[in-house]
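Novice: Next up, data25.cif (mmCIF, C-alpha atoms (C1' of nucleotides)).
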data_data
#
loop_
_atom_site.label_atom_id
_atom_site.label_comp_id
_atom_site.auth_asym_id
_atom_site.auth_seq_id
_atom_site.Cartn_x
_atom_site.Cartn_y
_atom_site.Cartn_z
CA MET A 1 2.03 2.43 10.15
CA ALA A 2 -1.55 1.66 9.35
CA ASN A 3 -3.39 0.24 6.42
CA ASN A 4 -1.28 1.42 3.57
CA ASN A 5 -3.13 -0.99 1.29
CA LEU A 6 -6.44 0.66 1.84
CA SER A 7 -4.78 3.92 1.09
CA LEU A 8 -3.51 2.54 -2.20
CA ASP A 9 -6.97 1.22 -3.03
CA THR A 10 -8.59 4.58 -2.58
CA ALA A 11 -5.69 6.44 -4.16
CA PHE A 12 -5.72 4.49 -7.40
CA TYR A 13 -9.47 4.40 -7.42
CA ALA A 14 -9.61 8.17 -7.16
CA LEU A 15 -7.18 8.43 -10.05
CA SER A 16 -9.22 6.12 -12.27
CA ASP A 17 -11.71 8.83 -13.18
CA PRO A 18 -10.87 11.47 -15.79
CA THR A 19 -12.85 14.17 -13.98
CA ARG A 20 -10.93 13.56 -10.81
CA ARG A 21 -7.57 13.49 -12.56
CA ALA A 22 -8.43 16.74 -14.28
CA VAL A 23 -9.31 18.31 -10.95
CA ILE A 24 -5.99 17.24 -9.51
CA SER A 25 -4.14 18.65 -12.51
CA ARG A 26 -6.00 21.88 -12.19
CA LEU A 27 -5.39 22.20 -8.49
CA LEU A 28 -1.72 21.51 -8.90
CA ARG A 29 -1.41 24.81 -10.75
CA ARG A 30 -3.50 26.77 -8.30
CA SER A 31 -6.02 26.18 -5.52
CA ALA A 32 -9.60 27.04 -6.43
CA PRO A 33 -13.16 27.15 -5.11
CA VAL A 34 -15.69 24.44 -5.99
CA LYS A 35 -17.66 26.38 -8.57
CA GLU A 36 -14.61 27.38 -10.52
CA LEU A 37 -13.36 23.81 -10.44
CA ALA A 38 -16.68 22.46 -11.62
CA GLU A 39 -17.05 24.80 -14.58
CA PRO A 40 -15.11 22.79 -17.20
CA PHE A 41 -17.36 19.78 -16.68
CA LYS A 42 -20.87 19.42 -17.98
CA MET A 43 -22.19 17.54 -14.97
CA GLY A 44 -24.28 19.09 -12.20
CA LEU A 45 -22.82 20.34 -8.95
CA PRO A 46 -24.07 17.42 -6.86
CA SER A 47 -22.29 14.95 -9.14
CA PHE A 48 -19.17 17.04 -9.08
CA LEU A 49 -19.25 17.25 -5.32
CA LYS A 50 -19.22 13.48 -5.17
CA HIS A 51 -15.97 13.51 -7.08
CA LEU A 52 -14.54 16.09 -4.75
CA ARG A 53 -15.50 13.98 -1.80
CA VAL A 54 -13.76 10.97 -3.32
CA LEU A 55 -10.67 13.09 -3.79
CA GLU A 56 -10.84 14.37 -0.27
CA GLU A 57 -11.46 11.01 1.36
CA SER A 58 -8.63 9.50 -0.59
CA GLY A 59 -6.38 12.27 0.66
CA PHE A 60 -5.64 13.91 -2.66
CA ILE A 61 -7.18 17.21 -1.74
CA VAL A 62 -7.94 19.23 1.34
CA THR A 63 -10.75 21.75 1.48
CA GLU A 64 -11.57 24.68 3.67
CA LYS A 65 -14.76 26.64 3.73
CA ILE A 66 -14.51 30.37 4.23
CA GLY A 67 -17.70 32.35 4.07
CA ARG A 68 -19.78 30.63 1.47
CA THR A 69 -16.95 29.40 -0.74
CA ARG A 70 -15.01 26.21 -0.22
CA THR A 71 -11.46 26.32 -1.42
CA CYS A 72 -9.68 23.15 -2.50
CA ARG A 73 -6.00 22.46 -2.68
CA VAL A 74 -3.97 19.41 -3.56
CA ARG A 75 -1.95 17.25 -1.18
CA VAL A 76 1.08 16.29 -3.18
CA GLU A 77 2.12 13.63 -0.71
CA ARG A 78 -0.68 11.41 -1.96
CA LEU A 79 0.53 11.66 -5.51
CA GLU A 80 3.93 10.63 -4.28
CA GLU A 81 2.54 7.63 -2.46
CA ALA A 82 0.90 6.30 -5.57
CA GLU A 83 4.02 7.02 -7.55
CA ASN A 84 6.11 5.20 -5.00
CA TRP A 85 4.13 2.01 -5.30
CA LEU A 86 4.64 2.03 -9.02
CA SER A 87 8.34 2.74 -8.83
CA GLU A 88 8.80 0.02 -6.24
CA GLN A 89 7.11 -2.43 -8.52
CA ARG A 90 9.45 -1.41 -11.27
CA LYS A 91 12.36 -2.08 -8.97
CA LEU A 92 11.07 -5.59 -8.36
CA TRP A 93 10.83 -6.12 -12.05
CA GLN A 94 14.27 -4.72 -12.64
CA ALA A 95 15.70 -7.08 -10.07
CA ALA A 96 14.04 -9.99 -11.81
CA THR A 97 15.25 -8.75 -15.16
CA ASP A 98 18.78 -8.52 -13.84
CA ARG A 99 18.61 -12.06 -12.57
CA LEU A 100 17.36 -13.18 -15.95
CA ALA A 101 20.12 -11.32 -17.76
CA HIS A 102 22.65 -13.06 -15.56
CA TYR A 103 21.12 -16.38 -16.29
CA VAL A 104 20.98 -15.81 -20.03
CA GLU A 105 24.54 -14.62 -20.06
CA GLU A 106 25.69 -17.76 -18.31
CA GLN A 107 23.67 -20.06 -20.51
CA MET A 108 24.56 -18.66 -23.89
CA PRO A 109 27.78 -16.74 -24.05
CA GLY A 110 27.59 -16.58 -27.87
CA ASP A 111 24.42 -15.05 -29.29
CA GLY A 112 21.17 -13.88 -27.72
CA THR A 113 19.23 -12.63 -30.74
CA ASP A 114 16.64 -15.38 -30.58
CA ASP A 115 13.06 -14.53 -29.69
CA MET B 1 -1.59 9.47 -30.37
CA ALA B 2 -4.88 7.89 -29.47
CA ASN B 3 -7.01 7.89 -26.38
CA ASN B 4 -4.39 7.91 -23.73
CA ASN B 5 -7.02 9.05 -21.26
CA LEU B 6 -9.08 5.91 -21.57
CA SER B 7 -5.92 3.99 -21.04
CA LEU B 8 -5.24 5.90 -17.83
CA ASP B 9 -8.78 5.26 -16.66
CA THR B 10 -8.44 1.53 -17.04
CA ALA B 11 -4.88 1.49 -15.79
CA PHE B 12 -5.61 3.22 -12.51
CA TYR B 13 -8.84 1.35 -12.13
CA ALA B 14 -7.01 -1.94 -12.48
CA LEU B 15 -4.54 -0.83 -9.82
CA SER B 16 -7.26 0.14 -7.38
CA ASP B 17 -7.89 -3.45 -6.29
CA PRO B 18 -5.54 -5.19 -3.85
CA THR B 19 -5.98 -8.56 -5.52
CA ARG B 20 -4.97 -7.13 -8.86
CA ARG B 21 -2.00 -5.27 -7.43
CA ALA B 22 -0.88 -8.45 -5.72
CA VAL B 23 -1.12 -10.34 -8.99
CA ILE B 24 1.01 -7.73 -10.71
CA SER B 25 3.59 -7.88 -7.95
CA ARG B 26 3.66 -11.61 -8.17
CA LEU B 27 4.00 -11.67 -11.92
CA LEU B 28 6.80 -9.16 -11.83
CA ARG B 29 8.94 -11.76 -10.11
CA ARG B 30 7.98 -14.58 -12.41
CA SER B 31 5.26 -15.48 -14.93
CA ALA B 32 2.77 -18.05 -13.71
CA PRO B 33 -0.33 -20.04 -14.67
CA VAL B 34 -3.78 -19.05 -13.48
CA LYS B 35 -4.19 -21.66 -10.77
CA GLU B 36 -0.89 -20.85 -9.14
CA LEU B 37 -1.71 -17.15 -9.25
CA ALA B 38 -5.12 -17.70 -7.73
CA GLU B 39 -3.93 -19.81 -4.81
CA PRO B 40 -3.08 -17.03 -2.33
CA PHE B 41 -6.60 -15.64 -2.54
CA LYS B 42 -9.63 -17.13 -0.92
CA MET B 43 -12.03 -16.33 -3.75
CA GLY B 44 -13.23 -18.80 -6.35
CA LEU B 45 -11.64 -19.18 -9.73
CA PRO B 46 -14.43 -17.42 -11.63
CA SER B 47 -14.02 -14.34 -9.49
CA PHE B 48 -10.29 -14.46 -9.87
CA LEU B 49 -10.61 -14.78 -13.61
CA LYS B 50 -12.54 -11.56 -13.66
CA HIS B 51 -9.61 -9.82 -12.08
CA LEU B 52 -7.27 -11.35 -14.59
CA ARG B 53 -9.47 -10.13 -17.39
CA VAL B 54 -9.44 -6.62 -15.97
CA LEU B 55 -5.67 -6.79 -15.84
CA GLU B 56 -5.47 -8.09 -19.38
CA GLU B 57 -7.91 -5.58 -20.84
CA SER B 58 -6.12 -2.75 -19.13
CA GLY B 59 -2.89 -3.96 -20.67
CA PHE B 60 -1.08 -4.89 -17.48
CA ILE B 61 -0.76 -8.54 -18.33
CA VAL B 62 -0.66 -10.74 -21.39
CA THR B 63 -1.74 -14.36 -21.31
CA GLU B 64 -1.11 -17.34 -23.50
CA LYS B 65 -2.78 -20.68 -23.29
CA ILE B 66 -0.67 -23.74 -23.90
CA GLY B 67 -2.30 -27.08 -23.46
CA ARG B 68 -4.71 -26.64 -20.62
CA THR B 69 -2.77 -24.06 -18.69
CA ARG B 70 -2.85 -20.33 -19.32
CA THR B 71 0.34 -18.54 -18.47
CA CYS B 72 0.28 -14.88 -17.49
CA ARG B 73 3.04 -12.37 -17.67
CA VAL B 74 3.26 -8.69 -16.89
CA ARG B 75 3.63 -5.85 -19.38
CA VAL B 76 5.89 -3.40 -17.66
CA GLU B 77 5.16 -0.65 -20.15
CA ARG B 78 1.76 -0.19 -18.57
CA LEU B 79 3.25 0.32 -15.16
CA GLU B 80 5.47 2.94 -16.67
CA GLU B 81 2.57 4.75 -18.27
CA ALA B 82 0.76 5.09 -14.98
CA GLU B 83 3.96 6.15 -13.31
CA ASN B 84 4.56 8.73 -16.02
CA TRP B 85 1.25 10.43 -15.46
CA LEU B 86 2.03 10.77 -11.79
CA SER B 87 5.51 12.09 -12.34
CA GLU B 88 4.24 14.58 -14.91
CA GLN B 89 1.74 15.85 -12.41
CA ARG B 90 4.51 16.27 -9.94
CA LYS B 91 6.42 18.29 -12.48
CA LEU B 92 3.45 20.61 -12.86
CA TRP B 93 3.33 21.02 -9.15
CA GLN B 94 7.03 21.63 -8.96
CA ALA B 95 6.79 24.32 -11.62
CA ALA B 96 4.02 25.99 -9.66
CA THR B 97 6.03 25.70 -6.48
CA ASP B 98 9.01 27.26 -8.17
CA ARG B 99 6.91 30.17 -9.37
CA LEU B 100 5.62 30.63 -5.86
CA ALA B 101 9.12 30.53 -4.42
CA HIS B 102 10.14 33.20 -6.91
CA TYR B 103 7.21 35.32 -5.98
CA VAL B 104 7.83 34.99 -2.27
CA GLU B 105 11.48 35.77 -2.73
CA GLU B 106 10.65 38.95 -4.61
CA GLN B 107 8.04 40.06 -2.15
CA MET B 108 10.01 39.52 1.01
CA PRO B 109 13.74 39.63 0.49
CA GLY B 110 14.33 39.47 4.21
CA ASP B 111 12.82 36.34 5.65
CA GLY B 112 10.94 33.52 3.92
CA THR B 113 10.14 31.31 6.88
CA ASP B 114 6.49 32.29 6.96
CA ASP B 115 3.84 29.82 5.92
"C1'" DA C 1 -11.06 -45.29 -21.51
"C1'" DT C 2 -11.47 -43.18 -17.16
"C1'" DT C 3 -10.39 -39.78 -14.14
"C1'" DA C 4 -8.25 -35.72 -12.42
"C1'" DT C 5 -6.75 -31.13 -13.42
"C1'" DT C 6 -7.15 -26.56 -15.34
"C1'" DG C 7 -9.65 -23.26 -17.01
"C1'" DT C 8 -14.19 -21.21 -18.82
"C1'" DT C 9 -18.99 -19.94 -19.16
"C1'" DT C 10 -23.37 -18.87 -17.24
"C1'" DG C 11 -26.74 -17.12 -14.13
"C1'" DC C 12 -27.38 -14.94 -10.05
"C1'" DC C 13 -26.93 -11.55 -6.25
"C1'" DA C 14 -25.69 -7.44 -3.14
"C1'" DT C 15 -23.51 -3.37 -3.21
"C1'" DA C 16 -21.00 0.61 -5.13
"C1'" DT C 17 -20.70 4.13 -8.57
"C1'" DG C 18 -21.90 8.14 -11.13
"C1'" DG C 19 -25.25 10.60 -12.68
"C1'" DT C 20 -29.90 13.31 -12.14
"C1'" DG C 21 -33.46 17.04 -10.33
"C1'" DA C 22 -35.38 19.39 -6.56
"C1'" DA C 23 -35.32 21.32 -2.22
"C1'" DC C 24 -32.54 23.53 1.29
"C1'" DT C 25 -28.81 26.52 3.87
"C1'" DA C 26 -25.94 30.10 4.34
"C1'" DT C 27 -23.43 34.00 2.98
"C1'" DA C 28 -22.65 38.23 -0.02
"C1'" DG C 29 -24.49 42.03 -2.50
"C1'" DA C 30 -28.03 45.63 -3.89
"C1'" DT D 1 -34.65 43.48 3.52
"C1'" DC D 2 -34.64 41.07 -0.64
"C1'" DT D 3 -32.12 38.57 -3.97
"C1'" DA D 4 -28.48 36.30 -6.08
"C1'" DT D 5 -24.64 33.14 -5.33
"C1'" DA D 6 -22.12 28.98 -3.57
"C1'" DG D 7 -22.55 24.98 -1.76
"C1'" DT D 8 -25.15 20.98 0.33
"C1'" DT D 9 -28.45 17.39 1.02
"C1'" DC D 10 -31.83 14.13 -0.48
"C1'" DA D 11 -34.24 10.69 -3.00
"C1'" DC D 12 -33.86 8.33 -7.04
"C1'" DC D 13 -32.05 5.71 -11.08
"C1'" DA D 14 -29.21 2.82 -14.42
"C1'" DT D 15 -25.22 0.49 -14.72
"C1'" DA D 16 -20.83 -1.57 -13.17
"C1'" DT D 17 -18.40 -4.32 -9.86
"C1'" DG D 18 -17.07 -8.29 -7.29
"C1'" DG D 19 -18.44 -12.11 -5.39
"C1'" DC D 20 -20.82 -16.87 -5.69
"C1'" DA D 21 -22.27 -21.90 -7.26
"C1'" DA D 22 -22.86 -24.93 -10.81
"C1'" DA D 23 -22.38 -26.73 -15.17
"C1'" DC D 24 -19.22 -27.23 -18.97
"C1'" DA D 25 -14.94 -27.73 -21.84
"C1'" DA D 26 -10.53 -29.53 -22.89
"C1'" DT D 27 -6.19 -31.56 -21.87
"C1'" DA D 28 -3.12 -34.47 -18.94
"C1'" DA D 29 -2.37 -38.63 -16.30
"C1'" DT D 30 -3.41 -43.48 -14.98
#
Please go through the file and, once you have read it, give me the structure as structure tokens.
Specialist:
Amino acid sequence: MANNNLSLDTAFYALSDPTRRAVISRLLRRSAPVKELAEPFKMGLPSFLKHLRVLEESGFIVTEKIGRTRTCRVRVERLEEAENWLSEQRKLWQAATDRLAHYVEEQMPGDGTDD
Amino acid sequence: MANNNLSLDTAFYALSDPTRRAVISRLLRRSAPVKELAEPFKMGLPSFLKHLRVLEESGFIVTEKIGRTRTCRVRVERLEEAENWLSEQRKLWQAATDRLAHYVEEQMPGDGTDD
DNA sequence: ATTATTGTTTGCCATATGGTGAACTATAGA
DNA sequence: TCTATAGTTCACCATATGGCAAACAATAAT
């Protein structure tokens, strides 16, 4: 229903950072606590937490704190939403391309090798 | 070969803005000059040009100036690159899901309806 | 030759982003 | 209880972003 656009804004924005993409990749293989997730990166925990929050607010991950560790897991649906926008755009383009092909075919039945 | 990561950074970043996504959508139907592209938006031309530059530098559009008008067209390859990253991630996830399914199946041959 | 149109450049501004270190909380372990 | 661990919060900073108005091309159009 609601503001799907906003959701796309935050989704693509979240994906625009290599740290955040790496976290998603990592979590797709297996859920993990914050510290383990943060290890591969040379930034401090507070910075890393900001990235996690971006991922969570954009809906890419969900977290749950048990005891003193917070476990993160990915929400694949969000990946699919972003993917869907892109594939829909491609459909638009394909439709336009088909129209163009039709047009070209009608205009020049002989040869189309011109640039 | 080269820095595909940087390219993903800029690609997703470019897609994170509604104005820029709208421009891409528009251009997928038909190429257009700057002024025509800018019309639907209430911002000034200079601001709009910044968006166009982001789109051009991220490889989503190509522009050519003829006379006093600059025509913009979309580069679909870039859309596909972004889409590919997402679909590859989904493959990772699917592989992990399959492994989990295997595991569950081996552990409980009776019923798998548990969460 | 004027004038209108189309785009571009230049400063400027408020806010967001991504990082830091340091202090703090809360749980687990010895 | 004391201490180490895992995460969180806070104040701060430099830079990037996205908008603006205004001045400036450069090319049509009259």
Novice: For chain A against chain D, which residues fall within 12 Å using all atoms listed in the file, given as number ranges by chain?
Specialist: A: 33-36, 38, 45-50, 65-71
Novice: Within 9 Å of chain A, which residues of chain B show up when using all atoms listed in the file, listed as a ChimeraX atom specification?
Specialist: /B:5-6,8-18,24-25,27-30,76,79-80,82-84,86-87,89-90,92-97
Novice: Using only C-alpha atoms (C1' of nucleotides), find each residue of chain C with at least one atom at most 10 Å away from an atom of chain B; report its shortest atom-to-atom pair and that distance in Å (one decimal), sort the rows by chain and rising residue number, and return the result as a tab-separated table.
Specialist:
residue	atom	partner	partner_atom	distance
C:DT5	C1'	B:Arg68	CA	8.7
C:DT6	C1'	B:Arg68	CA	5.8
C:DG7	C1'	B:Arg68	CA	7.0
C:DT8	C1'	B:Pro46	CA	8.1
C:DT9	C1'	B:Pro46	CA	9.2
Novice: For atom CA of A:His51 and atom CA of A:Leu37, determine how far apart the two atoms are, in Å to one decimal place.
Specialist: 11.1 Å
Novice: Rounded to one decimal, what separation in Å do you get between atom CA of A:Phe41 and atom CA of A:Cys72?
Specialist: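 Computing the Euclidean distance for atom CA of A:Phe41 and atom CA of A:Cys72 yields 16.5 Å.
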Novice: Over all C-alpha pairs taken in sequence order, what does chain A look like after a least-squares fit onto chain B? Please give it as a short mmCIF file (atom, residue, chain, number, x, y, z; two decimals) with C-alpha atoms, in the frame of the given file.
Specialist:
data_model
loop_
_atom_site.label_atom_id
_atom_site.label_comp_id
_atom_site.auth_asym_id
_atom_site.auth_seq_id
_atom_site.Cartn_x
_atom_site.Cartn_y
_atom_site.Cartn_z
CA MET A 1 -1.94 8.44 -30.81
CA ALA A 2 -5.29 7.27 -29.59
CA ASN A 3 -7.26 7.63 -26.44
CA ASN A 4 -4.55 7.81 -23.88
CA ASN A 5 -7.11 9.00 -21.34
CA LEU A 6 -9.13 5.86 -21.56
CA SER A 7 -5.95 3.95 -21.09
CA LEU A 8 -5.23 5.90 -17.92
CA ASP A 9 -8.76 5.27 -16.68
CA THR A 10 -8.44 1.54 -17.04
CA ALA A 11 -4.84 1.51 -15.84
CA PHE A 12 -5.52 3.27 -12.57
CA TYR A 13 -8.75 1.41 -12.12
CA ALA A 14 -6.94 -1.90 -12.47
CA LEU A 15 -4.43 -0.76 -9.88
CA SER A 16 -7.11 0.24 -7.38
CA ASP A 17 -7.72 -3.34 -6.27
CA PRO A 18 -5.36 -5.07 -3.85
CA THR A 19 -5.84 -8.47 -5.50
CA ARG A 20 -4.87 -7.06 -8.85
CA ARG A 21 -1.87 -5.20 -7.48
CA ALA A 22 -0.73 -8.37 -5.77
CA VAL A 23 -1.03 -10.28 -9.02
CA ILE A 24 1.08 -7.70 -10.79
CA SER A 25 3.71 -7.84 -8.06
CA ARG A 26 3.77 -11.58 -8.26
CA LEU A 27 4.04 -11.67 -12.01
CA LEU A 28 6.85 -9.16 -11.99
CA ARG A 29 9.02 -11.76 -10.28
CA ARG A 30 7.99 -14.60 -12.53
CA SER A 31 5.24 -15.50 -15.00
CA ALA A 32 2.75 -18.05 -13.72
CA PRO A 33 -0.36 -20.03 -14.63
CA VAL A 34 -3.81 -18.99 -13.40
CA LYS A 35 -4.19 -21.58 -10.67
CA GLU A 36 -0.88 -20.79 -9.10
CA LEU A 37 -1.67 -17.10 -9.22
CA ALA A 38 -5.06 -17.62 -7.64
CA GLU A 39 -3.84 -19.71 -4.73
CA PRO A 40 -2.94 -16.90 -2.29
CA PHE A 41 -6.47 -15.50 -2.47
CA LYS A 42 -9.49 -16.97 -0.77
CA MET A 43 -11.91 -16.15 -3.57
CA GLY A 44 -13.19 -18.65 -6.13
CA LEU A 45 -11.66 -19.07 -9.55
CA PRO A 46 -14.46 -17.30 -11.41
CA SER A 47 -13.98 -14.18 -9.27
CA PHE A 48 -10.25 -14.36 -9.74
CA LEU A 49 -10.63 -14.71 -13.47
CA LYS A 50 -12.57 -11.48 -13.52
CA HIS A 51 -9.59 -9.75 -11.99
CA LEU A 52 -7.29 -11.30 -14.53
CA ARG A 53 -9.52 -10.10 -17.30
CA VAL A 54 -9.44 -6.57 -15.90
CA LEU A 55 -5.67 -6.77 -15.84
CA GLU A 56 -5.54 -8.07 -19.35
CA GLU A 57 -7.98 -5.58 -20.81
CA SER A 58 -6.15 -2.75 -19.14
CA GLY A 59 -2.94 -4.00 -20.71
CA PHE A 60 -1.10 -4.91 -17.54
CA ILE A 61 -0.80 -8.56 -18.38
CA VAL A 62 -0.74 -10.78 -21.41
CA THR A 63 -1.83 -14.40 -21.30
CA GLU A 64 -1.25 -17.40 -23.46
CA LYS A 65 -2.95 -20.73 -23.22
CA ILE A 66 -0.86 -23.81 -23.85
CA GLY A 67 -2.53 -27.15 -23.39
CA ARG A 68 -4.90 -26.66 -20.53
CA THR A 69 -2.89 -24.07 -18.61
CA ARG A 70 -2.95 -20.36 -19.26
CA THR A 71 0.25 -18.57 -18.47
CA CYS A 72 0.24 -14.90 -17.50
CA ARG A 73 3.02 -12.40 -17.72
CA VAL A 74 3.26 -8.72 -16.99
CA ARG A 75 3.60 -5.91 -19.52
CA VAL A 76 5.89 -3.45 -17.84
CA GLU A 77 5.13 -0.72 -20.34
CA ARG A 78 1.74 -0.23 -18.72
CA LEU A 79 3.29 0.31 -15.34
CA GLU A 80 5.50 2.90 -16.91
CA GLU A 81 2.57 4.69 -18.48
CA ALA A 82 0.83 5.08 -15.17
CA GLU A 83 4.07 6.15 -13.58
CA ASN A 84 4.62 8.70 -16.29
CA TRP A 85 1.32 10.41 -15.68
CA LEU A 86 2.17 10.79 -12.05
CA SER A 87 5.66 12.09 -12.67
CA GLU A 88 4.36 14.56 -15.22
CA GLN A 89 1.91 15.86 -12.70
CA ARG A 90 4.72 16.30 -10.25
CA LYS A 91 6.59 18.29 -12.85
CA LEU A 92 3.61 20.61 -13.21
CA TRP A 93 3.54 21.06 -9.50
CA GLN A 94 7.25 21.67 -9.34
CA ALA A 95 6.96 24.34 -11.99
CA ALA A 96 4.23 26.03 -10.00
CA THR A 97 6.27 25.71 -6.84
CA ASP A 98 9.24 27.29 -8.55
CA ARG A 99 7.12 30.19 -9.69
CA LEU A 100 5.85 30.61 -6.17
CA ALA A 101 9.36 30.51 -4.73
CA HIS A 102 10.36 33.23 -7.15
CA TYR A 103 7.43 35.31 -6.16
CA VAL A 104 8.01 34.88 -2.44
CA GLU A 105 11.65 35.70 -2.85
CA GLU A 106 10.81 38.92 -4.63
CA GLN A 107 8.15 39.92 -2.15
CA MET A 108 10.00 39.30 1.07
CA PRO A 109 13.74 39.33 0.81
CA GLY A 110 14.08 39.22 4.63
CA ASP A 111 12.34 36.32 6.35
CA GLY A 112 10.02 33.59 5.12
CA THR A 113 9.35 31.62 8.30
CA ASP A 114 5.71 32.63 8.51
CA ASP A 115 3.02 30.02 8.00
#
Novice: To one decimal place in Å, what is the distance between atom CA of B:Ile61 and atom CA of B:Ser31?
Specialist: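 About the pair atom CA of B:Ile61 and atom CA of B:Ser31: they are 9.8 Å apart.
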Novice: Padding 3 Å on each side, edges along x, y and z: where is the centre of the box around the listed atoms of stretch 10-24 of chain C, and how long are its edges in Å to one decimal? Output it as JSON.
Specialist:
{"center_x": -28.0, "center_y": 2.3, "center_z": -8.0, "size_x": 20.7, "size_y": 48.4, "size_z": 24.5}
Novice: Write out N, CA, C and O atoms for stretch 71-87 of chain B, as a PDB file, keeping the file's coordinate frame.
Specialist:
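Below is the file that was written, out.pdb:
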ATOM      1  N   THR B  71      -0.745 -19.226 -19.157  1.00  0.00           N
ATOM      2  CA  THR B  71       0.340 -18.540 -18.470  1.00  0.00           C
ATOM      3  C   THR B  71       0.189 -17.029 -18.610  1.00  0.00           C
ATOM      4  O   THR B  71      -0.132 -16.536 -19.676  1.00  0.00           O
ATOM      5  N   CYS B  72       0.429 -16.341 -17.510  1.00  0.00           N
ATOM      6  CA  CYS B  72       0.280 -14.880 -17.490  1.00  0.00           C
ATOM      7  C   CYS B  72       1.633 -14.238 -17.268  1.00  0.00           C
ATOM      8  O   CYS B  72       2.432 -14.708 -16.457  1.00  0.00           O
ATOM      9  N   ARG B  73       1.847 -13.153 -17.971  1.00  0.00           N
ATOM     10  CA  ARG B  73       3.040 -12.370 -17.670  1.00  0.00           C
ATOM     11  C   ARG B  73       2.696 -10.879 -17.700  1.00  0.00           C
ATOM     12  O   ARG B  73       1.699 -10.480 -18.297  1.00  0.00           O
ATOM     13  N   VAL B  74       3.526 -10.110 -17.055  1.00  0.00           N
ATOM     14  CA  VAL B  74       3.260  -8.690 -16.890  1.00  0.00           C
ATOM     15  C   VAL B  74       3.787  -7.887 -18.077  1.00  0.00           C
ATOM     16  O   VAL B  74       4.767  -8.265 -18.704  1.00  0.00           O
ATOM     17  N   ARG B  75       3.101  -6.791 -18.386  1.00  0.00           N
ATOM     18  CA  ARG B  75       3.630  -5.850 -19.380  1.00  0.00           C
ATOM     19  C   ARG B  75       4.077  -4.594 -18.637  1.00  0.00           C
ATOM     20  O   ARG B  75       3.259  -3.771 -18.235  1.00  0.00           O
ATOM     21  N   VAL B  76       5.370  -4.470 -18.496  1.00  0.00           N
ATOM     22  CA  VAL B  76       5.890  -3.400 -17.660  1.00  0.00           C
ATOM     23  C   VAL B  76       5.584  -2.025 -18.234  1.00  0.00           C
ATOM     24  O   VAL B  76       5.456  -1.041 -17.505  1.00  0.00           O
ATOM     25  N   GLU B  77       5.431  -1.950 -19.533  1.00  0.00           N
ATOM     26  CA  GLU B  77       5.160  -0.650 -20.150  1.00  0.00           C
ATOM     27  C   GLU B  77       3.958   0.029 -19.502  1.00  0.00           C
ATOM     28  O   GLU B  77       3.940   1.252 -19.321  1.00  0.00           O
ATOM     29  N   ARG B  78       2.959  -0.778 -19.160  1.00  0.00           N
ATOM     30  CA  ARG B  78       1.760  -0.190 -18.570  1.00  0.00           C
ATOM     31  C   ARG B  78       2.047   0.439 -17.215  1.00  0.00           C
ATOM     32  O   ARG B  78       1.533   1.501 -16.881  1.00  0.00           O
ATOM     33  N   LEU B  79       2.865  -0.255 -16.446  1.00  0.00           N
ATOM     34  CA  LEU B  79       3.250   0.320 -15.160  1.00  0.00           C
ATOM     35  C   LEU B  79       3.920   1.670 -15.388  1.00  0.00           C
ATOM     36  O   LEU B  79       3.667   2.637 -14.677  1.00  0.00           O
ATOM     37  N   GLU B  80       4.734   1.699 -16.404  1.00  0.00           N
ATOM     38  CA  GLU B  80       5.470   2.940 -16.670  1.00  0.00           C
ATOM     39  C   GLU B  80       4.533   4.059 -17.093  1.00  0.00           C
ATOM     40  O   GLU B  80       4.739   5.220 -16.734  1.00  0.00           O
ATOM     41  N   GLU B  81       3.510   3.711 -17.845  1.00  0.00           N
ATOM     42  CA  GLU B  81       2.570   4.750 -18.270  1.00  0.00           C
ATOM     43  C   GLU B  81       1.879   5.396 -17.081  1.00  0.00           C
ATOM     44  O   GLU B  81       1.756   6.624 -17.008  1.00  0.00           O
ATOM     45  N   ALA B  82       1.424   4.549 -16.173  1.00  0.00           N
ATOM     46  CA  ALA B  82       0.760   5.090 -14.980  1.00  0.00           C
ATOM     47  C   ALA B  82       1.747   5.936 -14.186  1.00  0.00           C
ATOM     48  O   ALA B  82       1.429   7.040 -13.734  1.00  0.00           O
ATOM     49  N   GLU B  83       2.939   5.419 -14.050  1.00  0.00           N
ATOM     50  CA  GLU B  83       3.960   6.150 -13.310  1.00  0.00           C
ATOM     51  C   GLU B  83       4.243   7.492 -13.981  1.00  0.00           C
ATOM     52  O   GLU B  83       4.426   8.507 -13.303  1.00  0.00           O
ATOM     53  N   ASN B  84       4.259   7.490 -15.315  1.00  0.00           N
ATOM     54  CA  ASN B  84       4.560   8.730 -16.020  1.00  0.00           C
ATOM     55  C   ASN B  84       3.523   9.808 -15.759  1.00  0.00           C
ATOM     56  O   ASN B  84       3.859  10.978 -15.608  1.00  0.00           O
ATOM     57  N   TRP B  85       2.267   9.407 -15.727  1.00  0.00           N
ATOM     58  CA  TRP B  85       1.250  10.430 -15.460  1.00  0.00           C
ATOM     59  C   TRP B  85       1.521  11.077 -14.106  1.00  0.00           C
ATOM     60  O   TRP B  85       1.518  12.298 -13.981  1.00  0.00           O
ATOM     61  N   LEU B  86       1.788  10.244 -13.128  1.00  0.00           N
ATOM     62  CA  LEU B  86       2.030  10.770 -11.790  1.00  0.00           C
ATOM     63  C   LEU B  86       3.251  11.675 -11.757  1.00  0.00           C
ATOM     64  O   LEU B  86       3.226  12.753 -11.151  1.00  0.00           O
ATOM     65  N   SER B  87       4.295  11.266 -12.430  1.00  0.00           N
ATOM     66  CA  SER B  87       5.510  12.090 -12.340  1.00  0.00           C
ATOM     67  C   SER B  87       5.328  13.392 -13.117  1.00  0.00           C
ATOM     68  O   SER B  87       5.858  14.427 -12.734  1.00  0.00           O
TER      69      SER B  87
END
